[in-house]
file final.cif (mmCIF, C-alpha atoms and all ligand atoms)
data_model
#
loop_
_atom_site.label_atom_id
_atom_site.label_comp_id
_atom_site.auth_asym_id
_atom_site.auth_seq_id
_atom_site.Cartn_x
_atom_site.Cartn_y
_atom_site.Cartn_z
CA MET A 1 43.31 -2.92 -1.97
CA LEU A 2 40.77 -1.73 -4.52
CA SER A 3 40.92 1.66 -6.17
CA ARG A 4 38.55 1.79 -9.14
CA ALA A 5 35.40 0.07 -10.38
CA GLU A 6 33.35 -0.13 -13.55
CA GLY A 7 30.66 -2.53 -14.73
CA MET A 8 31.49 -6.05 -13.50
CA TYR A 9 35.04 -5.19 -12.47
CA TYR A 10 37.24 -3.70 -9.79
CA TRP A 11 40.84 -2.64 -10.32
CA THR A 12 43.41 -3.00 -7.54
CA VAL A 13 45.81 -0.20 -6.60
CA GLU A 14 48.43 -2.07 -8.67
CA GLY A 15 46.10 -1.99 -11.68
CA ARG A 16 44.96 -5.65 -11.67
CA LYS A 17 41.45 -6.23 -13.08
CA ILE A 18 39.18 -8.22 -10.73
CA LEU A 19 35.79 -9.73 -11.64
CA ASP A 20 33.33 -8.76 -8.92
CA GLY A 21 31.71 -12.02 -7.82
CA PHE A 22 30.11 -10.45 -4.78
CA ALA A 23 28.45 -7.20 -5.92
CA GLY A 24 30.80 -5.36 -3.58
CA MET A 25 29.12 -6.76 -0.51
CA TRP A 26 25.75 -8.01 -1.79
CA CYS A 27 24.85 -4.47 -2.83
CA VAL A 28 26.10 -3.24 -6.23
CA ASN A 29 23.26 -4.96 -8.08
CA ALA A 30 23.40 -2.81 -11.24
CA GLY A 31 27.19 -3.03 -11.51
CA HIS A 32 29.79 -0.36 -10.83
CA GLY A 33 30.26 3.20 -12.00
CA ARG A 34 26.69 3.88 -13.11
CA LYS A 35 26.82 7.38 -14.52
CA GLU A 36 23.09 8.02 -14.01
CA ILE A 37 23.51 7.54 -10.26
CA ALA A 38 26.58 9.81 -10.11
CA ASP A 39 24.74 12.49 -12.12
CA ALA A 40 21.64 12.29 -9.90
CA VAL A 41 23.78 12.60 -6.78
CA HIS A 42 25.65 15.57 -8.21
CA GLN A 43 22.42 17.23 -9.26
CA GLN A 44 20.85 16.76 -5.83
CA LEU A 45 23.97 18.00 -4.02
CA SER A 46 23.85 21.15 -6.13
CA THR A 47 20.11 21.68 -5.56
CA MET A 48 19.64 20.85 -1.87
CA GLU A 49 22.23 18.74 -0.10
CA TYR A 50 20.25 18.34 3.10
CA ALA A 51 16.86 19.04 4.63
CA PRO A 52 15.70 18.31 8.19
CA PRO A 53 13.52 15.21 8.44
CA PHE A 54 11.78 16.34 11.66
CA GLN A 55 8.81 18.74 11.31
CA MET A 56 9.85 19.40 7.69
CA GLY A 57 9.60 17.39 4.49
CA HIS A 58 10.96 17.48 0.95
CA PRO A 59 9.43 16.08 -2.24
CA ILE A 60 12.13 13.63 -3.32
CA VAL A 61 11.77 11.52 -0.18
CA PHE A 62 8.03 11.03 -0.86
CA GLN A 63 8.76 10.31 -4.51
CA PHE A 64 11.28 7.65 -3.53
CA ALA A 65 9.04 6.14 -0.83
CA ASN A 66 6.28 5.79 -3.45
CA GLU A 67 8.66 4.01 -5.84
CA ILE A 68 9.70 1.55 -3.13
CA ALA A 69 6.06 1.00 -2.11
CA LYS A 70 5.16 0.25 -5.76
CA LEU A 71 7.81 -2.49 -5.87
CA ALA A 72 6.72 -4.08 -2.59
CA PRO A 73 3.90 -6.64 -2.47
CA GLY A 74 0.31 -6.06 -1.28
CA ASP A 75 -0.36 -3.33 1.22
CA LEU A 76 3.26 -2.92 2.25
CA ASP A 77 2.88 0.68 1.22
CA HIS A 78 4.65 2.94 3.70
CA VAL A 79 8.38 3.42 4.06
CA PHE A 80 10.58 4.61 6.91
CA PHE A 81 14.09 5.47 5.68
CA THR A 82 17.26 4.72 7.63
CA ASN A 83 20.96 4.82 6.75
CA SER A 84 21.84 1.13 6.84
CA GLY A 85 20.44 -2.35 7.19
CA SER A 86 21.31 -2.43 10.88
CA GLU A 87 19.26 0.70 11.50
CA ALA A 88 16.40 -0.70 9.43
CA VAL A 89 16.33 -3.82 11.61
CA ASP A 90 16.41 -1.94 14.91
CA THR A 91 13.72 0.41 13.57
CA ALA A 92 11.47 -2.50 12.57
CA LEU A 93 11.85 -4.16 15.99
CA LYS A 94 10.94 -0.89 17.71
CA ILE A 95 7.96 -0.37 15.41
CA ALA A 96 6.72 -3.87 16.28
CA ILE A 97 6.79 -3.25 20.03
CA ALA A 98 5.32 0.26 19.76
CA TYR A 99 2.58 -0.97 17.40
CA HIS A 100 1.31 -3.51 19.90
CA ARG A 101 1.44 -0.94 22.67
CA LEU A 102 -0.63 1.52 20.63
CA ARG A 103 -3.22 -1.21 20.09
CA GLY A 104 -3.45 -1.72 23.86
CA ASP A 105 -1.38 -4.92 23.74
CA ALA A 106 1.65 -3.63 25.64
CA SER A 107 2.62 -7.03 27.03
CA ARG A 108 3.81 -8.04 23.56
CA GLN A 109 7.45 -7.09 23.92
CA ARG A 110 9.33 -10.30 23.18
CA LEU A 111 11.29 -10.56 19.92
CA ILE A 112 12.06 -13.83 18.20
CA GLY A 113 15.01 -14.31 15.82
CA ARG A 114 16.60 -17.46 14.48
CA GLU A 115 19.91 -19.24 14.93
CA LYS A 116 22.34 -18.37 12.10
CA GLY A 117 20.40 -15.16 11.42
CA TYR A 118 22.30 -11.98 10.65
CA HIS A 119 20.49 -8.71 11.22
CA GLY A 120 23.30 -6.19 11.43
CA VAL A 121 25.23 -4.87 14.37
CA GLY A 122 22.84 -2.71 16.41
CA PHE A 123 21.84 -4.05 19.82
CA GLY A 124 18.47 -5.12 18.43
CA GLY A 125 20.06 -6.82 15.45
CA ILE A 126 22.67 -8.77 17.40
CA SER A 127 20.07 -9.76 20.00
CA VAL A 128 17.74 -11.36 17.45
CA GLY A 129 20.72 -12.45 15.34
CA GLY A 130 22.10 -15.93 15.67
CA MET A 131 25.78 -15.76 14.71
CA VAL A 132 27.85 -16.39 17.81
CA ASN A 133 30.84 -14.14 17.02
CA ASN A 134 28.56 -11.16 16.49
CA ARG A 135 27.02 -11.77 19.92
CA LYS A 136 29.49 -13.20 22.38
CA PHE A 137 31.60 -10.06 22.91
CA PHE A 138 28.68 -7.78 23.71
CA GLY A 139 27.18 -8.90 26.98
CA ALA A 140 23.59 -9.79 27.67
CA MET A 141 22.08 -7.70 24.83
CA LEU A 142 18.30 -7.09 24.78
CA PRO A 143 16.22 -8.99 27.32
CA GLY A 144 13.20 -11.00 26.25
CA VAL A 145 14.63 -12.39 23.03
CA ASP A 146 14.45 -16.01 21.93
CA HIS A 147 15.47 -17.90 18.79
CA LEU A 148 13.96 -20.42 16.42
CA ARG A 149 16.17 -23.30 15.36
CA HIS A 150 18.03 -22.75 12.10
CA THR A 151 17.11 -24.66 8.96
CA LEU A 152 20.52 -25.80 7.69
CA ASP A 153 20.47 -29.59 7.46
CA ILE A 154 23.39 -30.83 5.38
CA GLY A 155 22.65 -34.39 6.47
CA ARG A 156 19.29 -34.43 4.72
CA ASN A 157 19.60 -31.62 2.15
CA ALA A 158 23.21 -31.53 0.88
CA PHE A 159 23.59 -30.35 -2.74
CA SER A 160 19.95 -29.26 -3.04
CA ARG A 161 19.22 -26.94 -5.93
CA GLY A 162 17.15 -24.00 -4.76
CA GLU A 163 14.83 -24.64 -1.83
CA PRO A 164 15.61 -27.96 -0.10
CA GLU A 165 12.90 -30.60 0.26
CA ASN A 166 13.28 -31.23 3.99
CA GLY A 167 12.61 -28.99 6.94
CA ALA A 168 9.28 -27.14 6.57
CA GLU A 169 8.33 -28.57 9.97
CA LEU A 170 11.10 -26.48 11.57
CA ALA A 171 8.68 -23.53 11.35
CA ASP A 172 6.70 -25.29 14.09
CA ASP A 173 9.53 -24.29 16.41
CA LEU A 174 7.58 -21.06 16.79
CA GLU A 175 4.77 -23.08 18.39
CA ARG A 176 7.33 -24.37 20.89
CA LEU A 177 8.29 -20.78 21.80
CA VAL A 178 4.62 -19.82 22.05
CA GLN A 179 4.12 -22.74 24.47
CA LEU A 180 7.08 -21.50 26.49
CA HIS A 181 6.42 -17.75 26.57
CA ASP A 182 2.74 -17.41 25.56
CA ALA A 183 1.77 -15.53 22.42
CA SER A 184 0.58 -12.57 24.50
CA THR A 185 4.23 -11.72 25.24
CA ILE A 186 5.55 -11.98 21.68
CA ALA A 187 5.70 -8.89 19.45
CA ALA A 188 7.45 -10.14 16.32
CA VAL A 189 9.49 -12.78 14.56
CA ILE A 190 12.31 -11.68 12.28
CA VAL A 191 13.95 -13.95 9.70
CA GLU A 192 16.00 -13.60 6.55
CA PRO A 193 13.92 -15.31 3.85
CA VAL A 194 17.22 -16.67 2.48
CA VAL A 195 19.99 -16.65 5.06
CA GLY A 196 22.88 -14.63 3.64
CA SER A 197 25.83 -13.95 5.91
CA ALA A 198 25.79 -17.36 7.61
CA GLY A 199 26.14 -18.93 4.16
CA VAL A 200 23.34 -18.80 1.56
CA ILE A 201 20.71 -21.03 3.18
CA PRO A 202 17.48 -21.08 1.12
CA PRO A 203 14.42 -21.92 3.23
CA PRO A 204 13.04 -25.45 3.05
CA LYS A 205 10.04 -25.74 0.72
CA GLY A 206 6.93 -24.52 2.54
CA TYR A 207 8.82 -23.24 5.60
CA LEU A 208 8.06 -19.52 5.20
CA LYS A 209 4.37 -20.12 4.45
CA ARG A 210 4.09 -22.22 7.58
CA LEU A 211 5.89 -19.61 9.67
CA ARG A 212 3.51 -16.95 8.31
CA GLU A 213 0.49 -19.07 9.27
CA ILE A 214 1.73 -19.55 12.82
CA CYS A 215 2.48 -15.81 13.17
CA THR A 216 -1.02 -14.95 11.94
CA LYS A 217 -2.64 -17.53 14.23
CA HIS A 218 -0.98 -15.96 17.29
CA GLY A 219 -1.09 -12.25 16.33
CA ILE A 220 2.71 -12.09 16.00
CA LEU A 221 4.17 -9.70 13.42
CA MET A 222 6.40 -11.26 10.77
CA ILE A 223 9.42 -9.22 9.70
CA MET A 224 11.36 -10.34 6.64
CA ASP A 225 14.90 -9.02 6.65
CA GLU A 226 15.52 -8.48 2.93
CA VAL A 227 18.73 -6.46 3.21
CA ILE A 228 20.33 -9.02 0.88
CA THR A 229 17.36 -10.49 -0.97
CA GLY A 230 15.70 -7.13 -1.72
CA PHE A 231 16.10 -5.62 -5.20
CA GLY A 232 16.32 -8.64 -7.43
CA ARG A 233 18.82 -10.98 -5.81
CA ILE A 234 16.58 -14.02 -6.23
CA GLY A 235 14.66 -13.02 -9.35
CA GLN A 236 11.85 -10.88 -7.93
CA PRO A 237 11.98 -7.37 -6.46
CA PHE A 238 11.62 -8.92 -3.00
CA ALA A 239 11.86 -12.48 -1.69
CA ALA A 240 8.35 -12.01 -0.27
CA GLN A 241 7.11 -12.13 -3.88
CA TYR A 242 9.35 -15.04 -4.83
CA PHE A 243 8.03 -17.16 -1.96
CA ASP A 244 4.52 -15.69 -2.16
CA VAL A 245 4.51 -14.93 1.55
CA MET A 246 3.26 -11.61 2.85
CA PRO A 247 5.26 -10.28 5.80
CA ASP A 248 4.08 -7.38 8.00
CA MET A 249 7.34 -5.52 7.52
CA ILE A 250 10.29 -5.76 5.16
CA THR A 251 13.71 -4.37 6.06
CA CYS A 252 16.00 -3.54 3.14
CA ALA A 253 19.20 -1.60 2.33
CA LYS A 254 22.23 -2.36 0.09
CA GLY A 255 20.70 -2.59 -3.42
CA ILE A 256 18.27 0.22 -2.58
CA THR A 257 20.91 2.69 -3.88
CA ASN A 258 23.16 0.19 -5.66
CA GLY A 259 25.53 0.65 -2.73
CA ALA A 260 26.40 4.15 -3.95
CA ILE A 261 25.09 6.10 -0.95
CA PRO A 262 24.33 4.48 2.43
CA MET A 263 20.60 3.92 2.91
CA GLY A 264 18.16 1.46 4.42
CA ALA A 265 14.39 1.26 4.79
CA VAL A 266 11.57 -0.41 6.65
CA ILE A 267 8.47 -1.04 4.55
CA VAL A 268 5.33 -1.54 6.65
CA ARG A 269 1.81 -2.69 5.94
CA LYS A 270 -0.92 -0.11 5.84
CA GLY A 271 -2.51 -1.34 9.07
CA ILE A 272 0.69 -0.72 10.99
CA TYR A 273 1.11 2.75 9.50
CA ASP A 274 -2.52 3.62 10.24
CA THR A 275 -2.22 2.49 13.85
CA PHE A 276 0.56 5.03 14.39
CA MET A 277 -1.18 7.80 12.46
CA ASP A 278 -4.48 7.32 14.31
CA LYS A 279 -2.73 8.24 17.53
CA GLN A 280 -4.50 11.36 18.73
CA ASP A 281 -1.69 13.65 19.80
CA GLY A 282 2.07 14.22 19.69
CA ILE A 283 4.71 12.54 17.59
CA GLU A 284 3.46 9.36 15.89
CA LEU A 285 6.69 7.34 16.05
CA PHE A 286 9.25 8.64 18.50
CA HIS A 287 12.19 7.50 16.42
CA GLY A 288 14.25 8.97 13.60
CA TYR A 289 17.72 9.81 12.37
CA THR A 290 19.32 13.11 11.34
CA TYR A 291 19.81 11.52 7.94
CA SER A 292 16.44 9.75 7.57
CA GLY A 293 15.36 10.16 3.95
CA HIS A 294 18.53 12.06 3.08
CA PRO A 295 17.84 13.87 -0.22
CA VAL A 296 21.11 12.72 -1.82
CA ALA A 297 20.46 9.09 -0.89
CA CYS A 298 16.92 9.41 -2.29
CA ALA A 299 18.35 10.80 -5.54
CA ALA A 300 20.78 7.89 -5.77
CA GLY A 301 17.91 5.51 -4.99
CA LEU A 302 15.59 6.93 -7.64
CA ALA A 303 18.32 6.73 -10.30
CA THR A 304 19.08 3.16 -9.20
CA GLN A 305 15.43 2.09 -9.46
CA GLU A 306 15.24 3.64 -12.93
CA ILE A 307 18.21 1.51 -14.04
CA TYR A 308 16.66 -1.62 -12.50
CA ARG A 309 13.42 -0.91 -14.36
CA ARG A 310 14.96 -0.01 -17.73
CA GLU A 311 17.34 -2.97 -17.75
CA LYS A 312 14.80 -5.36 -16.17
CA LEU A 313 17.40 -6.28 -13.57
CA LEU A 314 14.99 -7.18 -10.78
CA THR A 315 13.87 -10.33 -12.59
CA ARG A 316 17.07 -11.06 -14.52
CA ALA A 317 18.27 -13.59 -11.93
CA GLN A 318 15.51 -15.94 -13.13
CA GLU A 319 17.67 -16.49 -16.23
CA THR A 320 21.24 -15.93 -15.01
CA GLY A 321 20.51 -17.89 -11.83
CA LYS A 322 20.16 -21.04 -13.96
CA TYR A 323 23.71 -20.67 -15.31
CA LEU A 324 25.02 -19.98 -11.84
CA GLU A 325 23.20 -23.04 -10.49
CA GLU A 326 24.66 -25.30 -13.21
CA GLY A 327 28.15 -23.89 -12.76
CA MET A 328 28.20 -24.04 -8.98
CA HIS A 329 26.83 -27.57 -8.78
CA SER A 330 29.54 -28.70 -11.23
CA LEU A 331 31.94 -28.15 -8.29
CA LYS A 332 30.47 -31.18 -6.51
CA GLY A 333 33.15 -33.83 -6.13
CA LEU A 334 36.06 -31.38 -5.81
CA PRO A 335 38.24 -31.92 -2.71
CA ASN A 336 36.58 -31.05 0.61
CA VAL A 337 33.31 -29.79 -0.90
CA ILE A 338 30.59 -30.92 1.54
CA ASP A 339 27.66 -28.85 0.29
CA ILE A 340 26.62 -26.46 -2.49
CA ARG A 341 23.56 -24.25 -2.06
CA ASN A 342 22.00 -21.76 -4.47
CA ILE A 343 18.94 -19.68 -5.17
CA GLY A 344 18.47 -16.86 -7.66
CA LEU A 345 21.79 -15.19 -8.34
CA THR A 346 23.51 -16.28 -5.16
CA ALA A 347 25.19 -19.50 -4.16
CA CYS A 348 27.86 -20.93 -1.91
CA VAL A 349 30.26 -23.80 -1.55
CA GLU A 350 30.74 -25.20 1.93
CA LEU A 351 34.12 -26.82 2.57
CA ALA A 352 35.24 -29.24 5.25
CA PRO A 353 37.42 -27.31 7.71
CA ARG A 354 41.11 -28.04 8.09
CA PRO A 355 41.54 -30.07 11.32
CA GLY A 356 41.83 -27.64 14.23
CA LYS A 357 41.72 -24.60 11.92
CA VAL A 358 38.12 -23.67 11.25
CA GLY A 359 37.90 -21.01 8.55
CA ALA A 360 41.46 -21.44 7.24
CA ARG A 361 40.47 -23.34 4.10
CA GLY A 362 37.66 -20.93 3.22
CA PHE A 363 40.00 -17.97 3.58
CA GLU A 364 42.62 -19.68 1.42
CA VAL A 365 40.05 -20.19 -1.34
CA PHE A 366 39.03 -16.54 -1.07
CA LEU A 367 42.69 -15.42 -1.39
CA LYS A 368 43.41 -17.76 -4.32
CA CYS A 369 40.34 -16.44 -6.14
CA PHE A 370 41.53 -12.88 -5.60
CA GLU A 371 45.04 -13.73 -6.85
CA ASN A 372 43.36 -15.24 -9.90
CA GLY A 373 41.28 -12.15 -10.60
CA VAL A 374 37.91 -12.87 -8.95
CA LEU A 375 36.41 -11.34 -5.80
CA VAL A 376 34.31 -13.74 -3.71
CA ARG A 377 33.99 -13.83 0.09
CA ALA A 378 34.81 -16.21 2.90
CA SER A 379 32.53 -16.78 5.84
CA GLY A 380 34.37 -19.41 7.84
CA ASP A 381 34.70 -22.36 5.47
CA ILE A 382 31.76 -21.22 3.39
CA VAL A 383 32.54 -19.38 0.17
CA PRO A 384 29.51 -17.41 -1.06
CA VAL A 385 29.09 -15.70 -4.42
CA SER A 386 26.56 -13.00 -5.23
CA PRO A 387 27.60 -11.07 -8.36
CA PRO A 388 26.02 -7.91 -9.77
CA LEU A 389 22.75 -8.74 -11.55
CA ILE A 390 24.26 -7.58 -14.87
CA ILE A 391 26.68 -10.55 -15.00
CA ASP A 392 26.71 -12.50 -18.27
CA LYS A 393 27.15 -16.20 -19.00
CA GLN A 394 30.85 -15.96 -19.80
CA GLN A 395 31.59 -14.08 -16.61
CA ILE A 396 29.67 -16.72 -14.64
CA GLU A 397 31.93 -19.33 -16.27
CA GLN A 398 35.02 -17.36 -15.25
CA LEU A 399 33.69 -17.08 -11.69
CA VAL A 400 33.01 -20.82 -11.42
CA ASN A 401 36.28 -21.90 -13.10
CA THR A 402 38.33 -19.67 -10.84
CA LEU A 403 36.50 -21.04 -7.81
CA ALA A 404 37.19 -24.61 -9.01
CA ASP A 405 40.93 -23.93 -9.43
CA SER A 406 41.11 -22.26 -6.03
CA ILE A 407 39.30 -25.11 -4.26
CA LYS A 408 41.75 -27.59 -5.84
CA ALA A 409 44.69 -25.41 -4.80
CA ALA A 410 43.42 -25.36 -1.20
CA ALA A 411 42.96 -29.14 -1.02
N1 LIG B 501 20.37 -7.67 7.66
C1 LIG B 501 20.92 -8.52 6.79
C2 LIG B 501 20.12 -9.70 6.34
C3 LIG B 501 22.20 -8.31 6.29
O1 LIG B 501 22.75 -9.17 5.44
C4 LIG B 501 22.89 -7.16 6.72
C5 LIG B 501 24.25 -6.88 6.21
O2 LIG B 501 24.87 -7.67 5.53
C6 LIG B 501 22.29 -6.31 7.64
C7 LIG B 501 21.02 -6.57 8.08
C8 LIG B 501 23.01 -5.09 8.14
O3 LIG B 501 23.12 -4.15 7.15
P1 LIG B 501 24.24 -2.96 7.28
O4 LIG B 501 25.57 -3.63 7.18
O5 LIG B 501 23.90 -2.05 6.14
O6 LIG B 501 24.03 -2.32 8.60
#
call {"tool": "encode", "arguments": {"input": "final.cif", "output": "structure tokens"}}
result
Amino acid sequence: MLSRAEGMYYWTVEGRKILDGFAGMWCVNAGHGRKEIADAVHQQLSTMEYAPPFQMGHPIVFQFANEIAKLAPGDLDHVFFTNSGSEAVDTALKIAIAYHRLRGDASRQRLIGREKGYHGVGFGGISVGGMVNNRKFFGAMLPGVDHLRHTLDIGRNAFSRGEPENGAELADDLERLVQLHDASTIAAVIVEPVVGSAGVIPPPKGYLKRLREICTKHGILMIMDEVITGFGRIGQPFAAQYFDVMPDMITCAKGITNGAIPMGAVIVRKGIYDTFMDKQDGIELFHGYTYSGHPVACAAGLATQEIYRREKLLTRAQETGKYLEEGMHSLKGLPNVIDIRNIGLTACVELAPRPGKVGARGFEVFLKCFENGVLVRASGDIVPVSPPLIIDKQQIEQLVNTLADSIKAAA
């Protein structure tokens, strides 16, 4: 149980100090207890705690949308605010289908995700998602969804540093789905540029560029789900910039407000925005939440972006990521370690499962780390790390050493 947080640390209810090796849950990028964010939230609550997002507007939401648009690449210059990553994903999927319809291409309704993808817990997100436990309990989900093959290939790529060499050709799987369904039925493809929840899987070199080319060739929208990679996780504001691939939409959340106030967003290219706005009559996009563009979340977001800018946090992982890479790959050779993957300031160790007890070893490592004063996470037998972007070299050493001791203890 956690009761207090500051900088790189949590404190438990018993008063134990815990190094945060996971940025809360991939979200507290600027570290905990940032006074500027608390002050901005307080100020906004005292000025105007809420304003209706339908028919009415308020300045801070436009100000924040402009800040986000400035960070995003190319003509990704309009923002639709939501309250979580899951809502951002479902919003983006709906925008894709409605966009084609407005252009007179209403047969494009099919959505393509990817195995091992995680896109939140809405019906859209679990339908395009590819993690079995998030899907199997919830019936048939959305119709008309298909999946690309995933890109994890431990056989060929184990212990790669950064993007693995093998697997760009897996993007051609989209051609297979086009052959099967015909491009005229496909609205969009959604992928995480770096898979997060299923265990830090950087894309094979060239994969995303190839996927972009195939989307463009067939008029399919490309959505990058940057709920984890957005806001500096891999050394650029967005992964789209890191990989130099221009998606049609980006979904983001988490680091948008440093995790302080729930918020998500869909960033769309100008052409998509214009298509909706050119509609002659009525409501442009028949979709929105009571809390879309909530003024307090916008205030938290603006204060967060100011910290990122002032402390140059959105590119800091270019430096700190090197230490993390060195440290994590030094775990190679420890008992049961079958793969180590990393990119930017995130990495994971994949462990061989205990016979008949999948996930037990990963959870044991997670618990041992916590007992030894470090918060990581367990996703089955994969142990990912993703610390706040403010982490220093010594703290990275502590994180890696604690992980090493815990892996040995769980041998
Ligand atoms: N998309 C990705 C890539 C995520 O990692 C997550 C959450 O971890 C989501 C969507 C869902 O975000 P939320 O939990 O804010 O709904």
call {"tool": "residues_around", "arguments": {"input": "final.cif", "residues": "segment 156-160 of chain A", "least_positions_apart": "4", "cutoff": "9 Å", "atoms": "all atoms listed in the file", "output": "CSV table (one decimal) with C-alpha atoms, in the frame of the given file"}}
result
chain,number,residue,atom,x,y,z
A,152,LEU,CA,20.5,-25.8,7.7
A,164,PRO,CA,15.6,-28.0,-0.1
A,165,GLU,CA,12.9,-30.6,0.3
A,166,ASN,CA,13.3,-31.2,4.0
A,167,GLY,CA,12.6,-29.0,6.9
A,329,HIS,CA,26.8,-27.6,-8.8
A,332,LYS,CA,30.5,-31.2,-6.5
A,338,ILE,CA,30.6,-30.9,1.5
A,339,ASP,CA,27.7,-28.8,0.3
A,340,ILE,CA,26.6,-26.5,-2.5
A,341,ARG,CA,23.6,-24.2,-2.1
A,342,ASN,CA,22.0,-21.8,-4.5
call {"tool": "residues_around", "arguments": {"input": "final.cif", "residues": "segment 295-306 of chain A", "least_positions_apart": "3", "cutoff": "8 Å", "atoms": "only C-alpha atoms", "output": "PyMOL selection string"}}
result
chain A and resi 30+36-38+40-41+44-45+48-51+58+60-61+64+67+256-258+260-263+309-310
call {"tool": "residues_around", "arguments": {"input": "final.cif", "residues": "Glu169 of chain A", "least_positions_apart": "4", "cutoff": "9 Å", "atoms": "only C-alpha atoms", "output": "number ranges by chain"}}
result
A: 173, 204, 206-207, 210
call {"tool": "residues_near_ligand", "arguments": {"input": "final.cif", "ligand": "ligand LIG 501 (chain B)", "cutoff": "7 Å", "atoms": "all atoms listed in the file", "output": "JSON list (two decimals) with C-alpha atoms, in the coordinates of the input"}}
result
[["chain", "number", "residue", "atom", "x", "y", "z"],
["A", 84, "SER", "CA", 21.84, 1.13, 6.84],
["A", 85, "GLY", "CA", 20.44, -2.35, 7.19],
["A", 86, "SER", "CA", 21.31, -2.43, 10.88],
["A", 87, "GLU", "CA", 19.26, 0.70, 11.50],
["A", 89, "VAL", "CA", 16.33, -3.82, 11.61],
["A", 118, "TYR", "CA", 22.30, -11.98, 10.65],
["A", 119, "HIS", "CA", 20.49, -8.71, 11.22],
["A", 120, "GLY", "CA", 23.30, -6.19, 11.43],
["A", 121, "VAL", "CA", 25.23, -4.87, 14.37],
["A", 192, "GLU", "CA", 16.00, -13.60, 6.55],
["A", 196, "GLY", "CA", 22.88, -14.63, 3.64],
["A", 197, "SER", "CA", 25.83, -13.95, 5.91],
["A", 225, "ASP", "CA", 14.90, -9.02, 6.65],
["A", 226, "GLU", "CA", 15.52, -8.48, 2.93],
["A", 227, "VAL", "CA", 18.73, -6.46, 3.21],
["A", 228, "ILE", "CA", 20.33, -9.02, 0.88],
["A", 253, "ALA", "CA", 19.20, -1.60, 2.33],
["A", 254, "LYS", "CA", 22.23, -2.36, 0.09],
["A", 264, "GLY", "CA", 18.16, 1.46, 4.42]]
call {"tool": "atom_distance", "arguments": {"input": "final.cif", "atom1": "atom CA of Ala240 of chain A", "atom2": "atom CA of Gly271 of chain A"}}
result
17.9 Å
call {"tool": "residues_around", "arguments": {"input": "final.cif", "residues": "Leu314 of chain A", "least_positions_apart": "2", "cutoff": "7 Å", "atoms": "all atoms listed in the file", "output": "list in words"}}
result
Phe231, Gly232, Gly235, Gln236, Pro237, Tyr308, Lys312 and Arg316 of chain A
call {"tool": "closest_residue", "arguments": {"input": "final.cif", "among": "A:Pro203, A:Gly380, A:Gly359, A:Pro193", "to": "Thr251 of chain A", "atoms": "all atoms listed in the file"}}
result
A:Pro193
call {"tool": "closest_residue", "arguments": {"input": "final.cif", "among": "A:Asp75, A:Glu326, A:Asp20, A:Glu371", "to": "Gly344 of chain A", "atoms": "all atoms listed in the file"}}
result
A:Glu326
call {"tool": "closest_residue", "arguments": {"input": "final.cif", "among": "A:Ile267, A:Val13, A:Ile190, A:Leu208", "to": "Gly117 of chain A", "atoms": "all atoms listed in the file"}}
result
A:Ile190
call {"tool": "residues_around", "arguments": {"input": "final.cif", "residues": "segment 182-189 of chain A", "least_positions_apart": "2", "cutoff": "8 Å", "atoms": "all atoms listed in the file", "output": "PDB file with C-alpha atoms, in the frame of the given file"}}
result
ATOM      1  CA  LEU A  93      11.850  -4.160  15.990  1.00  0.00           C
ATOM      2  CA  ALA A  96       6.720  -3.870  16.280  1.00  0.00           C
ATOM      3  CA  ILE A  97       6.790  -3.250  20.030  1.00  0.00           C
ATOM      4  CA  HIS A 100       1.310  -3.510  19.900  1.00  0.00           C
ATOM      5  CA  ASP A 105      -1.380  -4.920  23.740  1.00  0.00           C
ATOM      6  CA  SER A 107       2.620  -7.030  27.030  1.00  0.00           C
ATOM      7  CA  ARG A 108       3.810  -8.040  23.560  1.00  0.00           C
ATOM      8  CA  GLN A 109       7.450  -7.090  23.920  1.00  0.00           C
ATOM      9  CA  ARG A 110       9.330 -10.300  23.180  1.00  0.00           C
ATOM     10  CA  LEU A 111      11.290 -10.560  19.920  1.00  0.00           C
ATOM     11  CA  ILE A 112      12.060 -13.830  18.200  1.00  0.00           C
ATOM     12  CA  GLY A 113      15.010 -14.310  15.820  1.00  0.00           C
ATOM     13  CA  LEU A 177       8.290 -20.780  21.800  1.00  0.00           C
ATOM     14  CA  VAL A 178       4.620 -19.820  22.050  1.00  0.00           C
ATOM     15  CA  GLN A 179       4.120 -22.740  24.470  1.00  0.00           C
ATOM     16  CA  LEU A 180       7.080 -21.500  26.490  1.00  0.00           C
ATOM     17  CA  VAL A 191      13.950 -13.950   9.700  1.00  0.00           C
ATOM     18  CA  CYS A 215       2.480 -15.810  13.170  1.00  0.00           C
ATOM     19  CA  HIS A 218      -0.980 -15.960  17.290  1.00  0.00           C
ATOM     20  CA  GLY A 219      -1.090 -12.250  16.330  1.00  0.00           C
ATOM     21  CA  ILE A 220       2.710 -12.090  16.000  1.00  0.00           C
ATOM     22  CA  LEU A 221       4.170  -9.700  13.420  1.00  0.00           C
ATOM     23  CA  MET A 222       6.400 -11.260  10.770  1.00  0.00           C
ATOM     24  CA  ILE A 223       9.420  -9.220   9.700  1.00  0.00           C
TER      25      ILE A 223
END
call {"tool": "closest_residue", "arguments": {"input": "final.cif", "among": "A:Leu148, A:Met249, A:Ala265, A:Leu345", "to": "Tyr99 of chain A", "atoms": "all atoms listed in the file"}}
result
A:Met249
call {"tool": "atom_distance", "arguments": {"input": "final.cif", "atom1": "atom CA of Gly288 of chain A", "atom2": "atom CA of Phe123 of chain A"}}
result
16.3 Å
call {"tool": "residues_near_point", "arguments": {"input": "final.cif", "point": "(43.1, -6.5, -7.3)", "cutoff": "7 Å", "atoms": "only C-alpha atoms", "output": "ChimeraX atom specification"}}
result
/A:1-2,10-13,15-18,370,373
